[in-house]
file target.cif (mmCIF, C-alpha atoms and all ligand atoms)
data_run
loop_
_atom_site.group_PDB
_atom_site.id
_atom_site.type_symbol
_atom_site.label_atom_id
_atom_site.label_comp_id
_atom_site.auth_asym_id
_atom_site.auth_seq_id
_atom_site.Cartn_x
_atom_site.Cartn_y
_atom_site.Cartn_z
ATOM 1 C CA MET A 189 -197.089 -46.681 -53.355
ATOM 2 C CA LEU A 190 -194.718 -49.536 -52.446
ATOM 3 C CA ARG A 191 -193.672 -50.404 -55.987
ATOM 4 C CA PRO A 192 -192.187 -47.040 -56.943
ATOM 5 C CA LEU A 193 -190.273 -47.092 -53.624
ATOM 6 C CA ILE A 194 -188.747 -50.498 -54.295
ATOM 7 C CA PHE A 195 -187.971 -49.436 -57.837
ATOM 8 C CA PHE A 196 -186.318 -46.280 -56.534
ATOM 9 C CA ALA A 197 -184.311 -48.282 -53.978
ATOM 10 C CA ILE A 198 -183.053 -50.627 -56.687
ATOM 11 C CA ILE A 199 -181.919 -47.687 -58.787
ATOM 12 C CA VAL A 200 -180.061 -46.192 -55.807
ATOM 13 C CA VAL A 201 -178.323 -49.504 -55.062
ATOM 14 C CA VAL A 202 -177.324 -49.892 -58.699
ATOM 15 C CA LEU A 203 -176.007 -46.325 -58.792
ATOM 16 C CA ILE A 204 -173.965 -46.878 -55.619
ATOM 17 C CA TYR A 205 -172.597 -50.092 -57.074
ATOM 18 C CA TYR A 206 -171.470 -48.348 -60.244
ATOM 19 C CA ARG A 207 -170.070 -45.392 -58.341
ATOM 20 C CA ASP A 208 -168.034 -47.738 -56.185
ATOM 21 C CA SER A 209 -166.675 -49.751 -59.019
ATOM 22 C CA SER A 210 -165.864 -46.655 -61.022
ATOM 23 C CA THR A 211 -163.835 -45.129 -58.143
ATOM 24 C CA THR A 212 -161.967 -48.348 -57.471
ATOM 25 C CA PRO A 213 -158.549 -47.913 -59.060
ATOM 26 C CA PRO A 214 -157.897 -50.347 -61.859
ATOM 27 C CA ALA A 215 -155.828 -53.347 -60.852
ATOM 28 C CA ARG A 216 -152.206 -52.417 -61.304
ATOM 29 C CA THR A 217 -150.018 -54.423 -63.545
ATOM 30 C CA PRO A 218 -146.328 -54.080 -62.805
ATOM 31 C CA PRO A 219 -144.290 -52.442 -65.523
ATOM 32 C CA PRO A 220 -142.762 -55.135 -67.735
ATOM 33 C CA ALA A 221 -139.235 -54.523 -66.470
ATOM 34 C CA LEU A 222 -140.268 -55.310 -62.875
ATOM 35 C CA ARG A 223 -142.129 -58.531 -63.637
ATOM 36 C CA PRO A 224 -140.488 -61.515 -61.995
ATOM 37 C CA THR A 225 -138.705 -63.665 -64.484
ATOM 38 C CA PRO A 226 -138.929 -67.203 -63.149
ATOM 39 C CA ALA A 227 -136.318 -68.432 -65.606
ATOM 40 C CA VAL A 228 -133.623 -66.501 -63.727
ATOM 41 C CA PRO A 229 -132.845 -68.139 -60.372
ATOM 42 C CA VAL A 230 -133.075 -65.647 -57.539
ATOM 43 C CA SER A 231 -130.493 -66.342 -54.861
ATOM 44 C CA GLU A 232 -131.548 -66.718 -51.242
ATOM 45 C CA SER A 233 -129.403 -63.736 -50.289
ATOM 46 C CA LEU A 234 -131.195 -61.415 -52.704
ATOM 47 C CA ARG A 235 -134.636 -62.630 -51.701
ATOM 48 C CA THR A 236 -133.942 -61.900 -48.058
ATOM 49 C CA SER A 237 -132.237 -58.576 -48.720
ATOM 50 C CA HIS A 238 -135.402 -56.634 -47.852
ATOM 51 C CA ARG A 239 -134.141 -57.018 -44.297
ATOM 52 C CA ARG A 240 -132.517 -53.821 -43.222
ATOM 53 C CA THR A 241 -128.773 -53.493 -42.912
ATOM 54 C CA VAL A 242 -127.446 -50.641 -40.811
ATOM 55 C CA ALA A 243 -123.724 -49.931 -40.707
ATOM 56 C CA VAL A 244 -122.041 -47.485 -38.381
ATOM 57 C CA GLY A 245 -118.356 -46.637 -38.057
ATOM 58 C CA ASP A 246 -116.134 -44.925 -35.512
ATOM 59 C CA LEU A 247 -118.091 -44.459 -32.277
ATOM 60 C CA HIS A 248 -114.957 -43.519 -30.287
ATOM 61 C CA SER A 249 -116.154 -43.902 -26.702
ATOM 62 C CA ASP A 250 -119.057 -41.488 -27.110
ATOM 63 C CA LEU A 251 -122.143 -43.243 -25.747
ATOM 64 C CA ALA A 252 -124.598 -40.369 -26.198
ATOM 65 C CA GLN A 253 -123.806 -39.899 -29.890
ATOM 66 C CA ALA A 254 -123.731 -43.641 -30.495
ATOM 67 C CA LEU A 255 -127.192 -44.045 -28.989
ATOM 68 C CA ALA A 256 -128.486 -41.047 -30.956
ATOM 69 C CA VAL A 257 -127.325 -42.647 -34.203
ATOM 70 C CA LEU A 258 -128.702 -46.079 -33.345
ATOM 71 C CA ARG A 259 -132.047 -44.572 -32.291
ATOM 72 C CA MET A 260 -132.239 -42.548 -35.461
ATOM 73 C CA ALA A 261 -131.703 -45.747 -37.435
ATOM 74 C CA GLY A 262 -134.446 -47.557 -35.490
ATOM 75 C CA ILE A 263 -131.938 -50.024 -34.054
ATOM 76 C CA VAL A 264 -132.464 -49.204 -30.361
ATOM 77 C CA ASP A 265 -135.387 -47.746 -28.431
ATOM 78 C CA ASN A 266 -135.274 -45.036 -25.779
ATOM 79 C CA ASP A 267 -134.213 -47.627 -23.190
ATOM 80 C CA SER A 268 -131.238 -48.577 -25.382
ATOM 81 C CA ASN A 269 -132.742 -51.988 -26.053
ATOM 82 C CA TRP A 270 -132.776 -53.605 -29.515
ATOM 83 C CA SER A 271 -135.712 -52.397 -31.604
ATOM 84 C CA GLY A 272 -134.241 -53.351 -34.977
ATOM 85 C CA GLY A 273 -136.257 -56.559 -35.419
ATOM 86 C CA SER A 274 -134.629 -58.687 -38.098
ATOM 87 C CA ALA A 275 -132.130 -56.004 -39.128
ATOM 88 C CA THR A 276 -128.386 -56.557 -39.264
ATOM 89 C CA LEU A 277 -126.277 -53.965 -37.466
ATOM 90 C CA VAL A 278 -122.664 -53.854 -38.649
ATOM 91 C CA GLN A 279 -120.267 -51.827 -36.526
ATOM 92 C CA THR A 280 -117.114 -51.313 -38.543
ATOM 93 C CA GLY A 281 -114.737 -50.767 -35.637
ATOM 94 C CA ASP A 282 -113.134 -48.011 -33.539
ATOM 95 C CA ILE A 283 -115.557 -48.219 -30.622
ATOM 96 C CA VAL A 284 -112.681 -47.222 -28.324
ATOM 97 C CA ASP A 285 -110.366 -44.176 -27.838
ATOM 98 C CA ARG A 286 -110.762 -40.405 -27.778
ATOM 99 C CA GLY A 287 -113.669 -40.446 -25.274
ATOM 100 C CA PRO A 288 -114.829 -41.679 -21.851
ATOM 101 C CA ASP A 289 -117.471 -44.349 -22.604
ATOM 102 C CA THR A 290 -115.388 -47.349 -23.668
ATOM 103 C CA ILE A 291 -116.872 -49.791 -21.141
ATOM 104 C CA ALA A 292 -120.450 -48.599 -21.685
ATOM 105 C CA LEU A 293 -120.162 -48.992 -25.465
ATOM 106 C CA TYR A 294 -118.645 -52.491 -25.501
ATOM 107 C CA ASN A 295 -121.282 -53.534 -22.943
ATOM 108 C CA LEU A 296 -123.998 -52.026 -25.125
ATOM 109 C CA PHE A 297 -122.885 -54.078 -28.132
ATOM 110 C CA ASP A 298 -122.679 -57.208 -26.025
ATOM 111 C CA LYS A 299 -126.265 -56.694 -24.853
ATOM 112 C CA LEU A 300 -127.554 -55.803 -28.325
ATOM 113 C CA ARG A 301 -125.913 -58.918 -29.766
ATOM 114 C CA THR A 302 -128.070 -61.086 -27.505
ATOM 115 C CA GLN A 303 -131.244 -59.030 -27.912
ATOM 116 C CA ALA A 304 -130.840 -58.916 -31.710
ATOM 117 C CA LYS A 305 -130.495 -62.685 -31.902
ATOM 118 C CA GLU A 306 -133.672 -63.146 -29.870
ATOM 119 C CA ALA A 307 -135.521 -60.828 -32.278
ATOM 120 C CA GLY A 308 -134.211 -62.562 -35.419
ATOM 121 C CA GLY A 309 -131.645 -59.860 -36.129
ATOM 122 C CA GLU A 310 -127.890 -59.764 -35.876
ATOM 123 C CA VAL A 311 -125.062 -57.609 -34.583
ATOM 124 C CA VAL A 312 -121.713 -57.855 -36.379
ATOM 125 C CA ASN A 313 -118.548 -56.297 -34.972
ATOM 126 C CA VAL A 314 -115.504 -55.588 -37.124
ATOM 127 C CA PHE A 315 -112.021 -54.685 -35.806
ATOM 128 C CA GLY A 316 -110.934 -51.096 -36.267
ATOM 129 C CA ASN A 317 -107.305 -50.039 -36.044
ATOM 130 C CA HIS A 318 -108.060 -48.677 -32.556
ATOM 131 C CA GLU A 319 -109.252 -52.082 -31.240
ATOM 132 C CA VAL A 320 -106.018 -53.598 -32.510
ATOM 133 C CA MET A 321 -103.933 -50.741 -31.062
ATOM 134 C CA ASN A 322 -105.515 -51.216 -27.628
ATOM 135 C CA LEU A 323 -105.102 -54.995 -27.717
ATOM 136 C CA GLY A 324 -101.464 -54.434 -28.685
ATOM 137 C CA GLY A 325 -100.789 -51.902 -25.930
ATOM 138 C CA ASP A 326 -100.681 -48.781 -28.138
ATOM 139 C CA LEU A 327 -102.605 -46.488 -25.803
ATOM 140 C CA ARG A 328 -101.861 -43.108 -27.404
ATOM 141 C CA TYR A 329 -105.533 -42.168 -27.768
ATOM 142 C CA VAL A 330 -106.859 -43.418 -24.423
ATOM 143 C CA THR A 331 -108.369 -40.607 -22.328
ATOM 144 C CA GLU A 332 -107.968 -40.122 -18.570
ATOM 145 C CA GLU A 333 -111.707 -40.720 -18.069
ATOM 146 C CA ASP A 334 -111.333 -44.021 -19.897
ATOM 147 C CA TYR A 335 -108.479 -45.138 -17.582
ATOM 148 C CA ALA A 336 -110.514 -44.039 -14.556
ATOM 149 C CA SER A 337 -113.574 -46.007 -15.716
ATOM 150 C CA PHE A 338 -111.496 -49.212 -15.636
ATOM 151 C CA GLY A 339 -110.069 -48.353 -12.199
ATOM 152 C CA GLY A 340 -106.628 -47.315 -13.402
ATOM 153 C CA ARG A 341 -103.985 -48.317 -15.939
ATOM 154 C CA GLN A 342 -103.146 -51.694 -14.461
ATOM 155 C CA LYS A 343 -106.792 -52.770 -14.243
ATOM 156 C CA ARG A 344 -107.348 -51.578 -17.800
ATOM 157 C CA ARG A 345 -104.398 -53.596 -19.063
ATOM 158 C CA GLU A 346 -105.818 -56.690 -17.361
ATOM 159 C CA ALA A 347 -109.288 -56.106 -18.823
ATOM 160 C CA TRP A 348 -107.901 -55.992 -22.385
ATOM 161 C CA ASP A 349 -105.960 -59.274 -22.081
ATOM 162 C CA VAL A 350 -107.308 -61.621 -24.783
ATOM 163 C CA ARG A 351 -106.706 -64.702 -22.628
ATOM 164 C CA SER A 352 -107.981 -63.526 -19.270
ATOM 165 C CA GLY A 353 -109.550 -60.044 -19.473
ATOM 166 C CA TRP A 354 -113.310 -59.603 -19.681
ATOM 167 C CA LEU A 355 -113.037 -57.136 -22.560
ATOM 168 C CA GLY A 356 -110.103 -58.743 -24.361
ATOM 169 C CA LYS A 357 -111.915 -62.093 -24.401
ATOM 170 C CA GLN A 358 -115.122 -60.436 -25.595
ATOM 171 C CA ILE A 359 -113.401 -58.625 -28.457
ATOM 172 C CA PHE A 360 -111.298 -61.617 -29.472
ATOM 173 C CA GLY A 361 -114.393 -63.826 -29.554
ATOM 174 C CA GLN A 362 -116.865 -61.458 -31.181
ATOM 175 C CA PHE A 363 -114.876 -59.382 -33.680
ATOM 176 C CA ASN A 364 -113.533 -60.266 -37.117
ATOM 177 C CA ILE A 365 -111.320 -58.242 -39.404
ATOM 178 C CA THR A 366 -113.799 -58.523 -42.266
ATOM 179 C CA TYR A 367 -117.359 -59.645 -42.890
ATOM 180 C CA VAL A 368 -119.286 -60.442 -46.056
ATOM 181 C CA HIS A 369 -122.990 -59.659 -45.829
ATOM 182 C CA HIS A 370 -125.396 -61.979 -47.691
ATOM 183 C CA GLY A 371 -122.547 -63.022 -49.931
ATOM 184 C CA HIS A 372 -122.364 -59.714 -51.762
ATOM 185 C CA THR A 373 -121.169 -56.833 -49.570
ATOM 186 C CA VAL A 374 -117.780 -56.640 -47.840
ATOM 187 C CA PHE A 375 -117.361 -54.694 -44.625
ATOM 188 C CA SER A 376 -113.999 -53.713 -43.176
ATOM 189 C CA HIS A 377 -112.744 -50.748 -41.188
ATOM 190 C CA GLY A 378 -110.331 -49.583 -43.845
ATOM 191 C CA ASP A 379 -110.312 -50.264 -47.551
ATOM 192 C CA MET A 380 -110.130 -53.803 -48.888
ATOM 193 C CA GLU A 381 -107.224 -53.979 -51.288
ATOM 194 C CA ALA A 382 -107.128 -56.688 -53.939
ATOM 195 C CA GLU A 383 -104.011 -58.350 -52.514
ATOM 196 C CA TRP A 384 -105.960 -59.031 -49.292
ATOM 197 C CA ALA A 385 -109.373 -59.678 -50.822
ATOM 198 C CA GLN A 386 -107.980 -62.536 -52.902
ATOM 199 C CA LEU A 387 -107.170 -64.451 -49.714
ATOM 200 C CA GLY A 388 -110.859 -64.683 -48.859
ATOM 201 C CA VAL A 389 -112.759 -63.811 -45.719
ATOM 202 C CA GLU A 390 -111.935 -66.887 -43.656
ATOM 203 C CA GLU A 391 -108.202 -66.640 -44.314
ATOM 204 C CA MET A 392 -108.135 -62.959 -43.383
ATOM 205 C CA ASN A 393 -110.126 -63.593 -40.200
ATOM 206 C CA ASP A 394 -107.832 -66.489 -39.274
ATOM 207 C CA LEU A 395 -104.684 -64.429 -39.912
ATOM 208 C CA ALA A 396 -105.969 -61.578 -37.740
ATOM 209 C CA HIS A 397 -106.939 -63.848 -34.841
ATOM 210 C CA GLU A 398 -103.716 -65.811 -35.041
ATOM 211 C CA ALA A 399 -101.656 -62.590 -34.995
ATOM 212 C CA ILE A 400 -103.573 -61.206 -32.005
ATOM 213 C CA TRP A 401 -103.329 -64.474 -30.087
ATOM 214 C CA ASN A 402 -99.565 -64.458 -30.641
ATOM 215 C CA SER A 403 -99.247 -60.732 -29.860
ATOM 216 C CA ASN A 404 -97.852 -60.245 -33.356
ATOM 217 C CA TYR A 405 -99.065 -56.728 -33.982
ATOM 218 C CA ARG A 406 -96.469 -56.284 -36.719
ATOM 219 C CA ALA A 407 -98.185 -58.941 -38.829
ATOM 220 C CA PRO A 408 -98.725 -57.829 -42.450
ATOM 221 C CA ILE A 409 -102.519 -57.876 -42.057
ATOM 222 C CA PHE A 410 -102.214 -55.068 -39.491
ATOM 223 C CA GLN A 411 -99.965 -52.926 -41.708
ATOM 224 C CA GLY A 412 -100.834 -49.950 -43.890
ATOM 225 C CA THR A 413 -102.232 -51.810 -46.884
ATOM 226 C CA GLY A 414 -104.301 -54.165 -44.704
ATOM 227 C CA PRO A 415 -108.043 -53.947 -43.974
ATOM 228 C CA ILE A 416 -107.801 -51.888 -40.772
ATOM 229 C CA TRP A 417 -105.543 -49.119 -42.107
ATOM 230 C CA SER A 418 -105.786 -48.872 -45.890
ATOM 231 C CA ARG A 419 -107.241 -45.703 -47.385
ATOM 232 C CA SER A 420 -106.250 -46.445 -50.943
ATOM 233 C CA HIS A 421 -109.775 -46.422 -52.382
ATOM 234 C CA ALA A 422 -110.890 -43.416 -50.360
ATOM 235 C CA LEU A 423 -107.894 -41.441 -51.629
ATOM 236 C CA LEU A 424 -108.481 -42.310 -55.305
ATOM 237 C CA GLU A 425 -109.514 -39.222 -57.238
HETATM 238 C C1 LIG A 501 -138.099 -41.250 -27.155
HETATM 239 O O1 LIG A 501 -137.429 -40.056 -26.811
HETATM 240 C C2 LIG A 501 -137.697 -38.982 -27.685
HETATM 241 C C3 LIG A 501 -136.808 -37.811 -27.307
HETATM 242 O O2 LIG A 501 -136.621 -37.709 -25.933
HETATM 243 C C4 LIG A 501 -139.181 -38.650 -27.621
HETATM 244 O O3 LIG A 501 -139.489 -37.592 -28.507
HETATM 245 C C5 LIG A 501 -139.985 -39.878 -28.012
HETATM 246 O O4 LIG A 501 -141.356 -39.620 -27.863
HETATM 247 C C6 LIG A 501 -139.601 -41.058 -27.151
HETATM 248 N N1 LIG A 501 -140.247 -42.255 -27.676
HETATM 249 C C7 LIG A 501 -140.910 -43.075 -26.911
HETATM 250 C C8 LIG A 501 -141.520 -44.254 -27.593
HETATM 251 O O5 LIG A 501 -141.020 -42.906 -25.705
HETATM 252 C C1 LIG A 502 -134.618 -53.131 -21.718
HETATM 253 O O1 LIG A 502 -133.790 -54.152 -21.284
HETATM 254 C C2 LIG A 502 -133.720 -54.271 -19.879
HETATM 255 C C3 LIG A 502 -132.665 -55.297 -19.567
HETATM 256 O O2 LIG A 502 -132.795 -56.401 -20.401
HETATM 257 C C4 LIG A 502 -135.080 -54.642 -19.327
HETATM 258 O O3 LIG A 502 -135.007 -54.713 -17.922
HETATM 259 C C5 LIG A 502 -136.056 -53.600 -19.754
HETATM 260 O O4 LIG A 502 -137.353 -53.967 -19.362
HETATM 261 C C6 LIG A 502 -136.016 -53.383 -21.243
HETATM 262 N N1 LIG A 502 -136.868 -52.327 -21.633
HETATM 263 C C7 LIG A 502 -137.800 -52.477 -22.541
HETATM 264 C C8 LIG A 502 -138.634 -51.281 -22.830
HETATM 265 O O5 LIG A 502 -137.965 -53.537 -23.122
HETATM 266 C C1 LIG A 503 -115.462 -64.740 -37.806
HETATM 267 O O1 LIG A 503 -115.213 -65.251 -39.093
HETATM 268 C C2 LIG A 503 -115.147 -66.659 -39.158
HETATM 269 C C3 LIG A 503 -114.737 -67.076 -40.534
HETATM 270 O O2 LIG A 503 -114.839 -66.092 -41.493
HETATM 271 C C4 LIG A 503 -116.491 -67.223 -38.765
HETATM 272 O O3 LIG A 503 -116.448 -68.617 -38.801
HETATM 273 C C5 LIG A 503 -116.863 -66.740 -37.364
HETATM 274 O O4 LIG A 503 -118.134 -67.174 -37.033
HETATM 275 C C6 LIG A 503 -116.800 -65.229 -37.292
HETATM 276 N N1 LIG A 503 -117.002 -64.814 -35.919
HETATM 277 C C7 LIG A 503 -118.025 -64.079 -35.546
HETATM 278 C C8 LIG A 503 -118.096 -63.731 -34.092
HETATM 279 O O5 LIG A 503 -118.862 -63.667 -36.337
#

call {"tool": "encode", "arguments": {"input": "target.cif", "output": "structure tokens", "more": "lines below"}}
Ligand SMILES: *[C@@H]1O[C@H](CO)[C@@H](O)[C@H](O)[C@H]1NC(C)=O
Ligand SMILES: *[C@@H]1O[C@H](CO)[C@@H](O)[C@H](O)[C@H]1NC(C)=O
Ligand SMILES: *[C@@H]1O[C@H](CO)[C@@H](O)[C@H](O)[C@H]1NC(C)=O
result
Amino acid sequence: MLRPLIFFAIIVVVLIYYRDSSTTPPARTPPPALRPTPAVPVSESLRTSHRRTVAVGDLHSDLAQALAVLRMAGIVDNDSNWSGGSATLVQTGDIVDRGPDTIALYNLFDKLRTQAKEAGGEVVNVFGNHEVMNLGGDLRYVTEEDYASFGGRQKRREAWDVRSGWLGKQIFGQFNITYVHHGHTVFSHGDMEAEWAQLGVEEMNDLAHEAIWNSNYRAPIFQGTGPIWSRSHALLE
């Protein structure tokens, strides 16, 4: 009585074994084109490019919409804290003007910069034409709510001073006119024309900071063909 049972059990085990192995998908071999080719050196920047890069432009003093966009991109959580892990967030300028939330937005970026660093990520801020206009005293697009949030026009002017104002110092220290990501992608607020690109990133960033420090808002880098104003590529048909 025992023998047929054992025999039966063995058959069941064998059947299960074969069933299992036959339902296991065959090991996948990558298509030839995707096989790594060790002969070709893979640069560090390309190997790390699986890290997310999120870029966002003109936020224009609108905190609610800015947070909605950053949440949607998985960059901040519901408490407006960094949730982007090792991602890079590039803000391509024009945080200010046209709305009420100027202070809240610059403070948000300042906080996220620190939180991102702690999480292995990064926040990059690029000058827009509106940052440069405000630093240079061109206040055409500043709203009344914005003035009120600073405590009036005089207080606002003081805050934007690059030598002594809390916001001016922050922007001067944390913003650049252009940024190259992983050595292969250029970010700027406007288009990057060849005559500027050939100077290189460091030269352009130096020129912009030097001009701001010297209150030279008529410097060529801030003119129409420069990186904060140019639309030449966008207008190409
Ligand atoms: C965040 O807020 C959204 C909308 O209010 C909600 O649907 C979502 O569940 C919240 N997420 C967490 C983790 O609380
Ligand atoms: C968000 O950041 C604030 C200030 O750093 C902190 O007090 C708070 O606990 C954070 N919230 C979460 C969910 O981490
Ligand atoms: C601005 O750019 C310069 C040179 O391109 C770089 O050394 C500096 O770290 C940058 N500043 C910030 C805040 O990223």

call {"tool": "resolve_selection", "arguments": {"input": "target.cif", "expression": "the PyMOL selection byres (((chain A and resi 413) around 10) and not hetatm)", "output": "number ranges by chain"}}
result
A: 378-384, 408-412, 414-420

call {"tool": "resolve_selection", "arguments": {"input": "target.cif", "expression": "the PyMOL selection byres (((not hetatm)) within 6 of (chain A and resi 503))", "output": "JSON list (two decimals) with C-alpha atoms, keeping the file's coordinate frame"}}
result
[["chain", "number", "residue", "atom", "x", "y", "z"],
["A", 361, "GLY", "CA", -114.39, -63.83, -29.55],
["A", 362, "GLN", "CA", -116.86, -61.46, -31.18],
["A", 363, "PHE", "CA", -114.88, -59.38, -33.68],
["A", 364, "ASN", "CA", -113.53, -60.27, -37.12],
["A", 389, "VAL", "CA", -112.76, -63.81, -45.72],
["A", 390, "GLU", "CA", -111.94, -66.89, -43.66],
["A", 393, "ASN", "CA", -110.13, -63.59, -40.20]]

call {"tool": "residues_around", "arguments": {"input": "target.cif", "residues": "stretch 336-339 of chain A", "least_positions_apart": "3", "cutoff": "10 Å", "atoms": "all atoms listed in the file", "output": "list in words"}}
result
Pro288, Asp289, Thr290, Ile291, Ala292, Thr331, Glu332, Glu333, Gln342, Lys343, Arg344, Arg345, Glu346 and Ala347 of chain A

call {"tool": "residues_near_ligand", "arguments": {"input": "target.cif", "ligand": "ligand LIG 501 (chain A)", "cutoff": "10 Å", "atoms": "all atoms listed in the file", "output": "compact mmCIF listing (two decimals) with C-alpha atoms, in the coordinates of the input"}}
result
# COMPACT_ATOMS: atom_id res chain seq x y z
CA ALA A 256 -128.49 -41.05 -30.96
CA ARG A 259 -132.05 -44.57 -32.29
CA ASP A 265 -135.39 -47.75 -28.43
CA ASN A 266 -135.27 -45.04 -25.78
CA ASP A 267 -134.21 -47.63 -23.19

call {"tool": "residues_around", "arguments": {"input": "target.cif", "residues": "A:Arg239", "least_positions_apart": "5", "cutoff": "12 Å", "atoms": "all atoms listed in the file", "output": "ChimeraX atom specification"}}
result
/A:233-234,272-277,308-310,369-370

call {"tool": "write_last_selection", "arguments": {"input": "target.cif", "atoms": "C-alpha atoms", "output": "short mmCIF file (atom, residue, chain, number, x, y, z; two decimals), in the frame of the given file"}}
result
data_model
loop_
_atom_site.label_atom_id
_atom_site.label_comp_id
_atom_site.auth_asym_id
_atom_site.auth_seq_id
_atom_site.Cartn_x
_atom_site.Cartn_y
_atom_site.Cartn_z
CA SER A 233 -129.40 -63.74 -50.29
CA LEU A 234 -131.20 -61.42 -52.70
CA GLY A 272 -134.24 -53.35 -34.98
CA GLY A 273 -136.26 -56.56 -35.42
CA SER A 274 -134.63 -58.69 -38.10
CA ALA A 275 -132.13 -56.00 -39.13
CA THR A 276 -128.39 -56.56 -39.26
CA LEU A 277 -126.28 -53.96 -37.47
CA GLY A 308 -134.21 -62.56 -35.42
CA GLY A 309 -131.65 -59.86 -36.13
CA GLU A 310 -127.89 -59.76 -35.88
CA HIS A 369 -122.99 -59.66 -45.83
CA HIS A 370 -125.40 -61.98 -47.69
#

call {"tool": "closest_residue", "arguments": {"input": "target.cif", "among": "A:Tyr335, A:Gln303, A:Val311, A:Leu251", "to": "A:Ile283", "atoms": "only C-alpha atoms"}}
result
A:Leu251

call {"tool": "residues_near_point", "arguments": {"input": "target.cif", "point": "(-103.0, -62.9, -35.2)", "cutoff": "12 Å", "atoms": "only C-alpha atoms", "output": "list in words"}}
result
Val320, Leu323, Gly324, Val350, Phe360, Asn364, Ile365, Glu391, Met392, Asn393, Asp394, Leu395, Ala396, His397, Glu398, Ala399, Ile400, Trp401, Asn402, Ser403, Asn404, Tyr405, Arg406, Ala407, Pro408, Ile409 and Phe410 of chain A

call {"tool": "axis_aligned_box", "arguments": {"input": "target.cif", "around": "stretch 291-298 of chain A", "padding_each_side": "6 Å", "output": "JSON"}}
result
{"center_x": -120.4, "center_y": -52.9, "center_z": -24.6, "size_x": 19.1, "size_y": 20.6, "size_z": 19.0}

call {"tool": "closest_residue", "arguments": {"input": "target.cif", "among": "A:Ala252, A:Met260, A:Leu300, A:Ala243", "to": "ligand LIG 502 (chain A)", "atoms": "only C-alpha atoms and all ligand atoms"}}
result
A:Leu300

call {"tool": "atom_distance", "arguments": {"input": "target.cif", "atom1": "atom CA of A:Ser376", "atom2": "atom CA of A:Val314"}}
result
6.5 Å

call {"tool": "closest_residue", "arguments": {"input": "target.cif", "among": "A:Thr241, A:Ser249, A:Asn295, A:Ser271", "to": "ligand LIG 502 (chain A)", "atoms": "only C-alpha atoms and all ligand atoms"}}
result
A:Ser271

call {"tool": "closest_residue", "arguments": {"input": "target.cif", "among": "A:Leu423, A:Val374, A:Met321, A:Ala385", "to": "A:Asp285", "atoms": "only C-alpha atoms"}}
result
A:Met321

call {"tool": "residues_around", "arguments": {"input": "target.cif", "residues": "A:Gly316", "least_positions_apart": "6", "cutoff": "6 Å", "atoms": "all atoms listed in the file", "output": "PyMOL selection string"}}
result
chain A and resi 281-282+377+416

call {"tool": "build_atoms", "arguments": {"input": "target.cif", "residues": "stretch 273-282 of chain A", "atoms": "N, CA, C and O atoms", "output": "compact mmCIF listing (two decimals), in the frame of the given file"}}
result
# COMPACT_ATOMS: atom_id res chain seq x y z
N GLY A 273 -135.63 -55.37 -34.83
CA GLY A 273 -136.26 -56.56 -35.42
C GLY A 273 -135.23 -57.43 -36.10
O GLY A 273 -134.20 -57.77 -35.52
N SER A 274 -135.50 -57.76 -37.37
CA SER A 274 -134.63 -58.69 -38.10
C SER A 274 -133.47 -57.99 -38.80
O SER A 274 -132.79 -58.58 -39.65
N ALA A 275 -133.22 -56.74 -38.47
CA ALA A 275 -132.13 -56.00 -39.13
C ALA A 275 -130.76 -56.57 -38.75
O ALA A 275 -130.62 -57.26 -37.74
N THR A 276 -129.79 -56.28 -39.60
CA THR A 276 -128.39 -56.56 -39.26
C THR A 276 -127.70 -55.23 -38.97
O THR A 276 -127.77 -54.30 -39.78
N LEU A 277 -127.07 -55.14 -37.81
CA LEU A 277 -126.28 -53.96 -37.47
C LEU A 277 -124.80 -54.33 -37.61
O LEU A 277 -124.33 -55.26 -36.96
N VAL A 278 -124.10 -53.63 -38.49
CA VAL A 278 -122.66 -53.85 -38.65
C VAL A 278 -121.94 -52.65 -38.06
O VAL A 278 -122.16 -51.52 -38.49
N GLN A 279 -121.10 -52.90 -37.07
CA GLN A 279 -120.27 -51.83 -36.53
C GLN A 279 -118.86 -52.06 -37.07
O GLN A 279 -118.25 -53.10 -36.82
N THR A 280 -118.36 -51.09 -37.80
CA THR A 280 -117.11 -51.31 -38.54
C THR A 280 -115.87 -50.89 -37.77
O THR A 280 -114.85 -50.53 -38.36
N GLY A 281 -115.95 -50.93 -36.44
CA GLY A 281 -114.74 -50.77 -35.64
C GLY A 281 -114.50 -49.37 -35.10
O GLY A 281 -115.22 -48.43 -35.41
N ASP A 282 -113.46 -49.26 -34.24
CA ASP A 282 -113.13 -48.01 -33.54
C ASP A 282 -114.24 -47.61 -32.57
O ASP A 282 -114.72 -46.46 -32.58
